[in-house]
Amino acid sequence: MSIFLKRDGFNLIEVIITIVILSIIAAGLSSLFSVTSDTPIILNRRRAYMYAESEMEKLFNKSYDDITTISKTSYPDDGDFDYEIIVNEVETGLKSVRVNFYASGATEKIAELYSLFVKTALSVCDDFEENGDRPPPLEWNPTSGWRVVKDPTDATNHVYRYVRRNIGYTYPSSLSGSNYKEECVFFVESQSRRGVSNVYLGGRVDPKTGYGYYIYVSVSIYRFWWFNFAIYYPYLIKIDSRGTHTLSYLPSSLEFFSGNYTPIHRIGLKFDGSNISCFFDSDTGSALDSEFTSGTIMLAGENQNTRIYFDDVCVEGE
Amino acid sequence: MRMIRGNGGSVAIVVIVLVLVISSLLGSALALSFVSISKTGEVEELRAQALYLAEAGIRETIWYLKNGEEPPEYEDVNFSKWTGRYYMKYERDCPENGKYCISSIGEVPIERESGDRVKRRIDVITDSSFNIINWEERTLEYIP
């Protein structure tokens with residue numbers, strides 16, 4: 001200290017140098033303090049955005065109707081945060097979604113994301129009429145043996161016929177979804193004493209492999225002089241790389257009829273997440289399975305001395 | 001203390017001041033580097049916001065097309081401290097008949113004063129029923 005104490009005063013240069021040095025020290029210390037105090041805020045914000053993105057991605061996997069508001073509450077995966085999901089249907093079939101995150105107990109948002117969700121409604125029917133009253137008709141991709149023909153029981157109607165013995169299938173272009181219901185009607189023609197048809201209506205099907213869910217009805221037909229009857233065995237099945245699996249059995253039924261054609265029957269499938277249900281007329285079956293989450297619909301058939309006629313294929317959902 | 005009180009005291013003062021200066025400079029450098037990292041982190045967060053805005057643009061365009069209406073050129077979205085925007089564009093019979101090419105750009109300001117923006121772009125192709133058959137997210141861009 002003697003260097004300072006023995007002096008009478010300081011010259012201008014010494015004063016300036018001292019001020020500069022002290023400023024540098026002050027700036028450095030304040031920066032260090034700022035780093036220390038800002039670090040948790042920045043790290044929290046980053047975590048909050050990570051959680052917000054995660055919540056937004058979860059919504060993308062939900063069906064449109066399941067996207068609903070969650071009021072501000074503690075974030076279940078991390079108690080350091082509160083969060084809210086604000087959903088508004090801005091137009092019919094269009095929802096805006098805001099995902100907001102807050103530090104626990106705070107009111108200022110530290111992460112906020114916005115996006116829109118649209119109801120991807122499938123609503124299409126094909127009655128196989130060239131100028132049908134329920135457009136748009138589906139554009140089908142059939143294997144050989146499929147043809148749109150006049151309904152042999154009603155000349156004013158058209159139906160989709162499959163005649164081959166081996167399994168053949170057809171599926172519409174540009175139609176795919178995850179949660180939807182589908183249905184169609186069918187009847188079977190037999191002019192022999194005994195015939196068998198296997199009728200398939202598939203959903204969530206990968207058209208390249210045929211893997212997916214089906215309602216499958218085995219129809220055995222017996223014909224005598226004037227006495228004809230058909231026995232129906234409906235099943236809900238899954239076809240995957242390991243083979244065919246029965247998910248649900250529906251009641252079998254016996255039906256008497258006259259002529260060469262069975263009465264018309266209605267079959268359908270419904271997909272809602274992992275809930276899969278089916279019906280054959282008034283009988284229903286269901287199963288839980290999540291192997292296939294989306295795909296197209298498919299008609300398929302097999303015949304022994306029979307022909308299958310499909311009509312009024314309708315799909316509705318998202 | 002003997003050095004400070006003695007003739008060597010001036011040396012000690014100089015050493016102390018030098019140590020303080022060096023540590024302050026290091027602190028400043030660390031702080032600057034931290035600010036830079038924090039800035040990058042902020043851009044990452046805005047990048048997420050811009051991406052979801054671009055997704056909103058894609059979905060809104062699909063909604064308009066499904067309803068037989070023309071989508072607007074852009075929409076603004078208010079966040080608590082700034083306003084984001086997404087632009088919408090589409091082309092019929094692209095890349096082939098019956099399909100649609102839809103493009104949306106979401107953008108968010110980095111700093112309100114500077115006007116710099118984080119911008120994300122998404123391009124999709126849909127079939128005639130507006131099922132998305134191709135989805136592509138473009139890389140991060142800045143618009144000065």
# chains A, B, ... in the order shown; residues from 1 in each chain; ligands from 1
call {"tool": "select_by_dssp", "arguments": {"residues": "range 112-297 of chain A", "states": "strand (DSSP E)", "output": "PyMOL selection string"}}
result
chain A and resi 112-118+122-126+140-142+146-151+154-162+168-172+180-190+194-205+212-223+228-240+243-249+253-257+265-272+275-280+283-288+296-297
call {"tool": "closest_residue", "arguments": {"among": "B:Ile133, B:Cys94, B:Val21, B:Val118", "to": "chain A", "atoms": "only C-alpha atoms"}}
result
B:Val21
call {"tool": "residues_around", "arguments": {"residues": "range 55-58 of chain B", "least_positions_apart": "3", "cutoff": "9 Å", "atoms": "only C-alpha atoms", "output": "number ranges by chain"}}
result
A: 96, 114-117; B: 50-52, 61-63, 74-75, 86-89, 102-106, 121-124
call {"tool": "write_last_selection", "arguments": {"atoms": "N, CA and C atoms", "output": "short mmCIF file (atom, residue, chain, number, x, y, z; two decimals), in the first residue's frame"}}
result
data_model
loop_
_atom_site.label_atom_id
_atom_site.label_comp_id
_atom_site.auth_asym_id
_atom_site.auth_seq_id
_atom_site.Cartn_x
_atom_site.Cartn_y
_atom_site.Cartn_z
N SER A 96 -58.17 -26.23 -33.09
CA SER A 96 -56.88 -25.63 -32.76
C SER A 96 -56.48 -26.13 -31.37
N TYR A 114 -48.49 -24.44 -30.72
CA TYR A 114 -49.82 -24.32 -31.34
C TYR A 114 -49.85 -25.20 -32.57
N SER A 115 -50.95 -25.89 -32.76
CA SER A 115 -51.14 -26.59 -34.04
C SER A 115 -52.63 -26.80 -34.29
N LEU A 116 -52.92 -27.39 -35.43
CA LEU A 116 -54.32 -27.65 -35.81
C LEU A 116 -54.49 -29.14 -36.07
N PHE A 117 -55.68 -29.61 -35.82
CA PHE A 117 -56.01 -31.01 -36.10
C PHE A 117 -57.28 -31.03 -36.94
N ALA B 50 -42.17 -23.30 -34.76
CA ALA B 50 -42.35 -23.08 -36.20
C ALA B 50 -42.79 -24.36 -36.90
N LEU B 51 -42.25 -25.48 -36.43
CA LEU B 51 -42.62 -26.76 -37.05
C LEU B 51 -44.10 -27.06 -36.85
N TYR B 52 -44.59 -26.85 -35.63
CA TYR B 52 -46.01 -27.13 -35.38
C TYR B 52 -46.91 -26.13 -36.10
N THR B 61 -54.89 -26.37 -44.79
CA THR B 61 -55.04 -26.44 -46.24
C THR B 61 -55.90 -27.65 -46.62
N ILE B 62 -55.62 -28.78 -45.99
CA ILE B 62 -56.41 -29.99 -46.26
C ILE B 62 -57.87 -29.75 -45.91
N TRP B 63 -58.09 -29.10 -44.77
CA TRP B 63 -59.47 -28.84 -44.35
C TRP B 63 -60.19 -27.99 -45.41
N TYR B 74 -52.07 -16.93 -45.65
CA TYR B 74 -51.38 -17.17 -44.39
C TYR B 74 -52.34 -16.94 -43.21
N GLU B 75 -51.92 -17.40 -42.05
CA GLU B 75 -52.66 -17.14 -40.80
C GLU B 75 -51.65 -16.71 -39.74
N TYR B 86 -48.12 -18.85 -40.30
CA TYR B 86 -47.87 -19.94 -41.25
C TYR B 86 -48.50 -19.62 -42.59
N TYR B 87 -47.74 -19.97 -43.62
CA TYR B 87 -48.17 -19.74 -45.00
C TYR B 87 -48.63 -21.06 -45.59
N MET B 88 -49.60 -20.98 -46.51
CA MET B 88 -50.16 -22.20 -47.11
C MET B 88 -50.17 -22.09 -48.63
N LYS B 89 -49.75 -23.17 -49.28
CA LYS B 89 -49.76 -23.21 -50.74
C LYS B 89 -50.10 -24.63 -51.17
N ILE B 102 -48.99 -30.10 -51.21
CA ILE B 102 -49.31 -29.02 -50.26
C ILE B 102 -48.03 -28.63 -49.53
N SER B 103 -47.83 -27.34 -49.42
CA SER B 103 -46.62 -26.85 -48.77
C SER B 103 -47.00 -25.79 -47.73
N SER B 104 -46.37 -25.85 -46.57
CA SER B 104 -46.67 -24.85 -45.54
C SER B 104 -45.36 -24.42 -44.87
N ILE B 105 -45.26 -23.13 -44.61
CA ILE B 105 -44.08 -22.59 -43.93
C ILE B 105 -44.55 -21.96 -42.62
N GLY B 106 -43.96 -22.40 -41.51
CA GLY B 106 -44.25 -21.80 -40.22
C GLY B 106 -43.08 -20.92 -39.82
N ARG B 121 -40.39 -25.56 -42.92
CA ARG B 121 -41.26 -25.82 -44.06
C ARG B 121 -41.59 -27.31 -44.13
N ILE B 122 -42.84 -27.60 -44.42
CA ILE B 122 -43.27 -29.00 -44.60
C ILE B 122 -43.92 -29.13 -45.97
N ASP B 123 -43.54 -30.16 -46.69
CA ASP B 123 -44.15 -30.46 -47.99
C ASP B 123 -44.83 -31.82 -47.89
N VAL B 124 -46.08 -31.90 -48.32
CA VAL B 124 -46.75 -33.21 -48.33
C VAL B 124 -47.38 -33.45 -49.69
#
call {"tool": "closest_residue", "arguments": {"among": "B:Val15, B:Val43, B:Gly84, B:Lys66", "to": "Gly93 in chain A", "atoms": "only C-alpha atoms"}}
result
B:Lys66
call {"tool": "atom_distance", "arguments": {"atom1": "CA of Val185 in chain A", "atom2": "CA of Tyr200 in chain A"}}
result
11.1 Å
call {"tool": "atom_distance", "arguments": {"atom1": "CA of Val90 in chain A", "atom2": "CA of Val118 in chain A"}}
result
10.3 Å
call {"tool": "decode", "arguments": {"residues": "range 70-100 of chain A", "atoms": "N, CA and C atoms", "output": "compact mmCIF listing (two decimals), in the first residue's frame"}}
result
# COMPACT_ATOMS: atom_id res chain seq x y z
N ILE A 70 -57.48 -29.96 -21.52
CA ILE A 70 -57.06 -30.35 -20.17
C ILE A 70 -56.76 -29.05 -19.43
N SER A 71 -57.50 -28.80 -18.37
CA SER A 71 -57.29 -27.56 -17.61
C SER A 71 -55.93 -27.59 -16.93
N LYS A 72 -55.47 -26.40 -16.58
CA LYS A 72 -54.13 -26.27 -15.99
C LYS A 72 -54.00 -27.13 -14.75
N THR A 73 -53.01 -27.96 -14.77
CA THR A 73 -52.81 -28.89 -13.65
C THR A 73 -51.35 -29.26 -13.57
N SER A 74 -50.97 -29.90 -12.50
CA SER A 74 -49.57 -30.31 -12.35
C SER A 74 -49.24 -31.36 -13.41
N TYR A 75 -48.07 -31.21 -14.03
CA TYR A 75 -47.69 -32.16 -15.09
C TYR A 75 -47.35 -33.49 -14.44
N PRO A 76 -48.03 -34.55 -14.83
CA PRO A 76 -47.84 -35.82 -14.09
C PRO A 76 -46.43 -36.39 -14.19
N ASP A 77 -45.70 -36.09 -15.28
CA ASP A 77 -44.37 -36.67 -15.43
C ASP A 77 -43.27 -35.87 -14.76
N ASP A 78 -43.60 -34.64 -14.31
CA ASP A 78 -42.56 -33.81 -13.69
C ASP A 78 -43.25 -32.73 -12.84
N GLY A 79 -43.16 -32.89 -11.55
CA GLY A 79 -43.85 -31.98 -10.63
C GLY A 79 -43.33 -30.56 -10.65
N ASP A 80 -42.21 -30.32 -11.36
CA ASP A 80 -41.69 -28.95 -11.44
C ASP A 80 -42.54 -28.08 -12.35
N PHE A 81 -43.46 -28.70 -13.07
CA PHE A 81 -44.22 -27.95 -14.07
C PHE A 81 -45.72 -28.15 -13.92
N ASP A 82 -46.46 -27.10 -14.34
CA ASP A 82 -47.90 -27.22 -14.59
C ASP A 82 -48.09 -27.18 -16.10
N TYR A 83 -49.18 -27.73 -16.58
CA TYR A 83 -49.43 -27.66 -18.01
C TYR A 83 -50.92 -27.60 -18.29
N GLU A 84 -51.25 -27.18 -19.50
CA GLU A 84 -52.65 -27.18 -19.93
C GLU A 84 -52.69 -27.42 -21.42
N ILE A 85 -53.79 -27.99 -21.87
CA ILE A 85 -54.02 -28.18 -23.30
C ILE A 85 -55.36 -27.52 -23.61
N ILE A 86 -55.31 -26.50 -24.45
CA ILE A 86 -56.53 -25.75 -24.76
C ILE A 86 -56.96 -26.12 -26.18
N VAL A 87 -58.16 -26.69 -26.28
CA VAL A 87 -58.66 -27.14 -27.59
C VAL A 87 -59.89 -26.33 -27.95
N ASN A 88 -59.90 -25.81 -29.16
CA ASN A 88 -61.08 -25.08 -29.67
C ASN A 88 -61.43 -25.63 -31.04
N GLU A 89 -62.70 -25.93 -31.26
CA GLU A 89 -63.12 -26.34 -32.60
C GLU A 89 -63.38 -25.04 -33.37
N VAL A 90 -62.39 -24.62 -34.17
CA VAL A 90 -62.50 -23.33 -34.85
C VAL A 90 -63.46 -23.40 -36.03
N GLU A 91 -63.55 -24.57 -36.64
CA GLU A 91 -64.53 -24.84 -37.69
C GLU A 91 -64.97 -26.28 -37.49
N THR A 92 -66.07 -26.65 -38.12
CA THR A 92 -66.50 -28.05 -37.99
C THR A 92 -65.42 -28.94 -38.60
N GLY A 93 -64.89 -29.83 -37.80
CA GLY A 93 -63.85 -30.74 -38.30
C GLY A 93 -62.46 -30.15 -38.26
N LEU A 94 -62.29 -29.01 -37.57
CA LEU A 94 -60.95 -28.40 -37.47
C LEU A 94 -60.76 -27.87 -36.05
N LYS A 95 -59.80 -28.45 -35.34
CA LYS A 95 -59.56 -28.03 -33.95
C LYS A 95 -58.20 -27.35 -33.82
N SER A 96 -58.17 -26.23 -33.09
CA SER A 96 -56.88 -25.63 -32.76
C SER A 96 -56.48 -26.13 -31.37
N VAL A 97 -55.18 -26.37 -31.23
CA VAL A 97 -54.69 -26.90 -29.96
C VAL A 97 -53.50 -26.08 -29.50
N ARG A 98 -53.55 -25.64 -28.24
CA ARG A 98 -52.41 -24.97 -27.63
C ARG A 98 -51.94 -25.81 -26.45
N VAL A 99 -50.65 -26.11 -26.44
CA VAL A 99 -50.06 -26.82 -25.31
C VAL A 99 -49.17 -25.83 -24.58
N ASN A 100 -49.51 -25.51 -23.33
CA ASN A 100 -48.76 -24.52 -22.56
C ASN A 100 -48.15 -25.16 -21.32
